[in-house]
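Trainee: Quick one: the structure is below, and I'll ask about it shortly.
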Amino acid sequence: MSGKKPIIVAVVVLAALAAILWPLKNYVQATRQAQRDAEARAIAEAEAAKAREAEEAAARARAEAEAKAKAAATAAEMERKKAEMEALAAADAAARAKAEAEARAAEARERNLAAFRRGLEAQKKGDMPAAVTAYREALAGDAELASAWTNLAMALDAQAESGGDASALRAEALAAARKGASLRAAGDAAKRAHALHAVGHVAQRAGLRDEAVAAYEEALRADARQAASAIALANIWAEAGEPAKAMAALDTARSAGAGAAEIELCLGVLAWRAGNAKEAGERAQACLRIDPGSADAKALLGWSCLAAQRWGDAAQQLDEASRVRADDPDLQAALGYAYAKLGRHADANAAFERATVLAPAHPTAHASRGVALEAMGDVQKAREAFEAALKAGSPPAVSASKTRLAAIACRERRWADARPLAEAAVSADPKNPMARYVLGLACFELGDRKAASDQEFALTTMDAARAADLRARLSQE
């Protein structure tokens with residue numbers, strides 16, 4: 001028993017200790033758990049605080065970002081509206097500028113067209129200087145106005161015919177015509193053909209036959225109805241003595257619808273070139289029955305009347321033609337010849353003088369004027385006219401002039417002056433009977449019977465009356 005007592009005591013002690021320690025253990029464990037729970041709560045609260053801070057920071061960041069985005073959007077919208085307003089303003093300014101430019105262009109076009117119309121009116125009235133000025137004004141505003149170039153060319157050409165520096169005017173006219181044709185390289189065929197016809201017309205007047213022919217032919221290729229070019233070609237070939245080509249061109253003209261008057265006139269020119277003055281006159285009359293105002297037909301009829309020695313009819317036709325073609329020196333000279341044959345020496349002198357003004361180097365007008373002045377009794381002026389003919393005339397005219405000067409010297413009994421003049425006249429034209437007669441007289445008076453006899457012999461087959469006169473003088477010695 002006694003041996004179990006300590007064990008029991010120990011058990012009791014242990015039990016007591018256990019009773020004391022167990023609650024303590026539980027307390028300690030509870031305390032520790034409470035500490036851990038407190039720490040966990042603190043940690044959780046700290047984490048929650050951090051989360052709240054982070055969320056608040058994120059909210060602030062979002063708010064700031066939203067504010068910035070809103071500000072940026074507002075700024076962008078303002079910029080967009082500003083740009084839109086600026087674009088609208090620019091478009092409005094551009095539209096105003098375009099409208100102003102179009103208005104200015106329209107005003108310029110109207111000014112150019114008004115100048116062009118003034119040119120047309122002046123050209124119709126025959127006022128070529130005014131027409132040239134107006135066309136130049138139109139082209140200064142619009143250098144692409146093809147019709148103005150073509151019309152300018154025709155006006156300049158007409159002005160060249162009426163005086164001034166013909167060479168310079170025709171050079172400018174040809175350049176203008178070429179420019180007008182180049183601007184018609186594409187487009188309306190009829191207008192291109194008209195422009196090419198103008199090139200041909202001006203080139204023909206300038207003496208550039210090859211270019212004129214090429215232009216007329218190209219005009220017909222552009223528009224087969226360009227009858228004027230076909231007629232012009234026919235006239236060129238007629239004047240060149242190529243009747244086959246002229247007739248072919250006339251056939252083209254007929255196909256192109258050329259008027260009967262134009263065809264009759266061209267046929268008349270062909271007849272004249274062929275030496276058939278009678279047919280030429282008949283053709284000219286046929287043309288005048290269709291077109292009574294044709295100056296070219298009147299001129300041709302006048303020439304035909306001269307050939308037929310119908311001096312009165314010739315003078316009438318040539319006078320009417322010269323009133324239209326006042327710048328034609330040959331026409332004036334022919335009119336003067338008709339007047340001279342009618343004994344109207346003052347009128348003849350006036351016509352010959354007009355011819356020499358238009359063509360100072362005219363081959364016959366100076367000599368013919370000298371004859372008219374001599375018939376009027378104005379020997380001094382006649383001598384001056386004959387001397388002018390020596391510088392400008394053809395060989396026959398030079399011969400006639402020297403003959404007349406020699407005759408004047410004979411009348412003044414200046415035989416020594418008369419002989420060399422008459423010798424020069426015979427040298428220029430050996431078939432001039434008057435020159436041989438005057439030479440025979442001068443030689444006779446100077447005592448050179450052999451030379452006088454030689455002229456008498458030469459005159460036997462040329463002028464029997466003058467030969468007989470010289471023979472009678474020689475027989476008296």
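Quick note on naming: the chains in the structure tokens go A, B, ... in the order shown, residues restart at 1 in each chain, and ligands are numbered from 1 in order of appearance.
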Need to verify the contact set: Ala359 of chain A, 9 Å, only C-alpha atoms, exclusion of same-chain residues closer than 4 positions in sequence. Can you return it as a ChimeraX atom specification?
Mentor: /A:328-330,354-355,363,365
Trainee: Residues near Asp429 of chain A, anyone? I mean within 10 Å using only C-alpha atoms, not counting same-chain ones fewer than 2 positions away, as number ranges by chain.
Mentor: A: 395-400, 423-427, 431-433, 435-436
Trainee: I want to know what sits within 6 Å of Ala138 of chain A, based on only C-alpha atoms, with residues of the same chain fewer than 6 positions away left out; could you give that as a list in words?
Mentor: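 The residues that qualify are Asn112, Ala115 and Phe116 of chain A.
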Trainee: Grab the atom CA of Lys402 of chain A to atom CA of Ala350 of chain A distance for me, in Å with one decimal place.
Mentor: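 Value for the atom CA of Lys402 of chain A-atom CA of Ala350 of chain A distance: 21.8 Å.
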Trainee: Just the alpha helix (DSSP H) stuff from segment 215-307 of chain A, please, per backbone DSSP, written as a ChimeraX atom specification.
Mentor: /A:215-222,227-239,243-255,260-273,277-290,295-307
Trainee: Work out how far atom CA of Thr356 of chain A is from atom CA of Ser167 of chain A, in Å to one decimal.
Mentor: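 These two atoms are separated by 18.0 Å.
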Trainee: Compile the contact shell of His366 of chain A as number ranges by chain: residues with an atom at most 8 Å away, counting only C-alpha atoms, same-chain residues fewer than 6 positions apart removed.
Mentor: A: 352-353, 356, 385-386, 388-389, 393
Trainee: Env of Lys124 of chain A: 12 Å cut, atoms = only C-alpha atoms, seq-sep filter 6 positions within chain, self excluded. Answer as a PyMOL selection string.
Mentor: chain A and resi 117-118+130-131+151+154-155+158
Trainee: I'd like the neighbourhood of Val379 of chain A as a PyMOL selection string, where a residue qualifies if any of its atoms comes within 12 Å (using only C-alpha atoms), though same-chain residues fewer than 2 positions away should be ignored.
Mentor: chain A and resi 369-377+381-386+404-405+407-409+411-412
Trainee: Using N, CA and C atoms, can you export the residues from the last selection as a PDB file, in the first residue's frame?
Mentor:
```pdb
ATOM      1  N   ARG A 369       3.664 107.508-170.482  1.00  0.00           N
ATOM      2  CA  ARG A 369       3.332 108.835-169.942  1.00  0.00           C
ATOM      3  C   ARG A 369       4.094 109.911-170.711  1.00  0.00           C
ATOM      4  N   GLY A 370       5.337 109.597-171.064  1.00  0.00           N
ATOM      5  CA  GLY A 370       6.105 110.556-171.844  1.00  0.00           C
ATOM      6  C   GLY A 370       5.444 110.856-173.181  1.00  0.00           C
ATOM      7  N   VAL A 371       4.897 109.817-173.825  1.00  0.00           N
ATOM      8  CA  VAL A 371       4.203 110.004-175.102  1.00  0.00           C
ATOM      9  C   VAL A 371       2.988 110.909-174.916  1.00  0.00           C
ATOM     10  N   ALA A 372       2.220 110.646-173.809  1.00  0.00           N
ATOM     11  CA  ALA A 372       1.031 111.460-173.546  1.00  0.00           C
ATOM     12  C   ALA A 372       1.406 112.906-173.279  1.00  0.00           C
ATOM     13  N   LEU A 373       2.477 113.126-172.505  1.00  0.00           N
ATOM     14  CA  LEU A 373       2.921 114.490-172.197  1.00  0.00           C
ATOM     15  C   LEU A 373       3.416 115.192-173.452  1.00  0.00           C
ATOM     16  N   GLU A 374       4.087 114.430-174.300  1.00  0.00           N
ATOM     17  CA  GLU A 374       4.568 115.015-175.544  1.00  0.00           C
ATOM     18  C   GLU A 374       3.395 115.450-176.425  1.00  0.00           C
ATOM     19  N   ALA A 375       2.349 114.613-176.448  1.00  0.00           N
ATOM     20  CA  ALA A 375       1.156 114.961-177.236  1.00  0.00           C
ATOM     21  C   ALA A 375       0.458 116.182-176.653  1.00  0.00           C
ATOM     22  N   MET A 376       0.601 116.384-175.338  1.00  0.00           N
ATOM     23  CA  MET A 376      -0.007 117.551-174.688  1.00  0.00           C
ATOM     24  C   MET A 376       0.867 118.796-174.864  1.00  0.00           C
ATOM     25  N   GLY A 377       2.084 118.631-175.436  1.00  0.00           N
ATOM     26  CA  GLY A 377       2.970 119.765-175.669  1.00  0.00           C
ATOM     27  C   GLY A 377       3.920 120.063-174.540  1.00  0.00           C
ATOM     28  N   LYS A 381       8.515 117.810-169.397  1.00  0.00           N
ATOM     29  CA  LYS A 381       8.036 116.698-168.563  1.00  0.00           C
ATOM     30  C   LYS A 381       8.067 115.386-169.340  1.00  0.00           C
ATOM     31  N   ALA A 382       7.835 115.462-170.644  1.00  0.00           N
ATOM     32  CA  ALA A 382       7.908 114.257-171.464  1.00  0.00           C
ATOM     33  C   ALA A 382       9.325 113.704-171.438  1.00  0.00           C
ATOM     34  N   ARG A 383      10.307 114.610-171.571  1.00  0.00           N
ATOM     35  CA  ARG A 383      11.696 114.178-171.528  1.00  0.00           C
ATOM     36  C   ARG A 383      12.010 113.507-170.186  1.00  0.00           C
ATOM     37  N   GLU A 384      11.522 114.099-169.083  1.00  0.00           N
ATOM     38  CA  GLU A 384      11.761 113.534-167.755  1.00  0.00           C
ATOM     39  C   GLU A 384      11.137 112.137-167.635  1.00  0.00           C
ATOM     40  N   ALA A 385       9.942 111.978-168.214  1.00  0.00           N
ATOM     41  CA  ALA A 385       9.269 110.677-168.161  1.00  0.00           C
ATOM     42  C   ALA A 385      10.052 109.634-168.971  1.00  0.00           C
ATOM     43  N   PHE A 386      10.558 110.036-170.136  1.00  0.00           N
ATOM     44  CA  PHE A 386      11.330 109.104-170.953  1.00  0.00           C
ATOM     45  C   PHE A 386      12.621 108.700-170.242  1.00  0.00           C
ATOM     46  N   ARG A 404      11.766 108.415-178.394  1.00  0.00           N
ATOM     47  CA  ARG A 404      11.086 109.690-178.156  1.00  0.00           C
ATOM     48  C   ARG A 404      12.077 110.783-177.796  1.00  0.00           C
ATOM     49  N   LEU A 405      13.080 110.434-176.990  1.00  0.00           N
ATOM     50  CA  LEU A 405      14.095 111.432-176.648  1.00  0.00           C
ATOM     51  C   LEU A 405      14.883 111.847-177.890  1.00  0.00           C
ATOM     52  N   ALA A 407      13.658 111.775-180.908  1.00  0.00           N
ATOM     53  CA  ALA A 407      12.745 112.580-181.725  1.00  0.00           C
ATOM     54  C   ALA A 407      12.686 114.011-181.228  1.00  0.00           C
ATOM     55  N   ILE A 408      12.688 114.184-179.898  1.00  0.00           N
ATOM     56  CA  ILE A 408      12.682 115.534-179.324  1.00  0.00           C
ATOM     57  C   ILE A 408      13.964 116.267-179.726  1.00  0.00           C
ATOM     58  N   ALA A 409      15.077 115.541-179.638  1.00  0.00           N
ATOM     59  CA  ALA A 409      16.355 116.150-180.033  1.00  0.00           C
ATOM     60  C   ALA A 409      16.337 116.546-181.513  1.00  0.00           C
ATOM     61  N   ARG A 411      13.662 117.413-183.280  1.00  0.00           N
ATOM     62  CA  ARG A 411      12.823 118.610-183.440  1.00  0.00           C
ATOM     63  C   ARG A 411      13.580 119.858-183.014  1.00  0.00           C
ATOM     64  N   GLU A 412      14.464 119.688-182.037  1.00  0.00           N
ATOM     65  CA  GLU A 412      15.269 120.815-181.570  1.00  0.00           C
ATOM     66  C   GLU A 412      16.568 120.945-182.376  1.00  0.00           C
TER      67      GLU A 412
END
```
Trainee: Please, what distance in Å, to one decimal, runs between atom CA of Arg473 of chain A and atom CA of Thr403 of chain A?
Mentor: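 Separation of atom CA of Arg473 of chain A and atom CA of Thr403 of chain A: 20.0 Å.
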Trainee: Of the candidates A:Arg273, A:Lys298, A:Lys81, A:Arg225, which shows the shortest atom-to-atom distance to Ala238 of chain A, using only C-alpha atoms?
Mentor: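 Using only C-alpha atoms, the shortest distance to Ala238 of chain A belongs to A:Arg273.
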Trainee: Choose the residue, out of A:Ala18, A:Ala286, A:Ala93, A:Ala295, that has the smallest atom-to-atom separation from Ile263 of chain A; count only C-alpha atoms.
Mentor: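 Among the listed residues, A:Ala286 lies closest to Ile263 of chain A.
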Trainee: Between A:Lys245, A:Arg289, A:Arg62, A:Lys98, which one has atoms that come closest to Ala260 of chain A, using only C-alpha atoms?
Mentor: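 The shortest atom-to-atom distance to Ala260 of chain A comes from A:Arg289.
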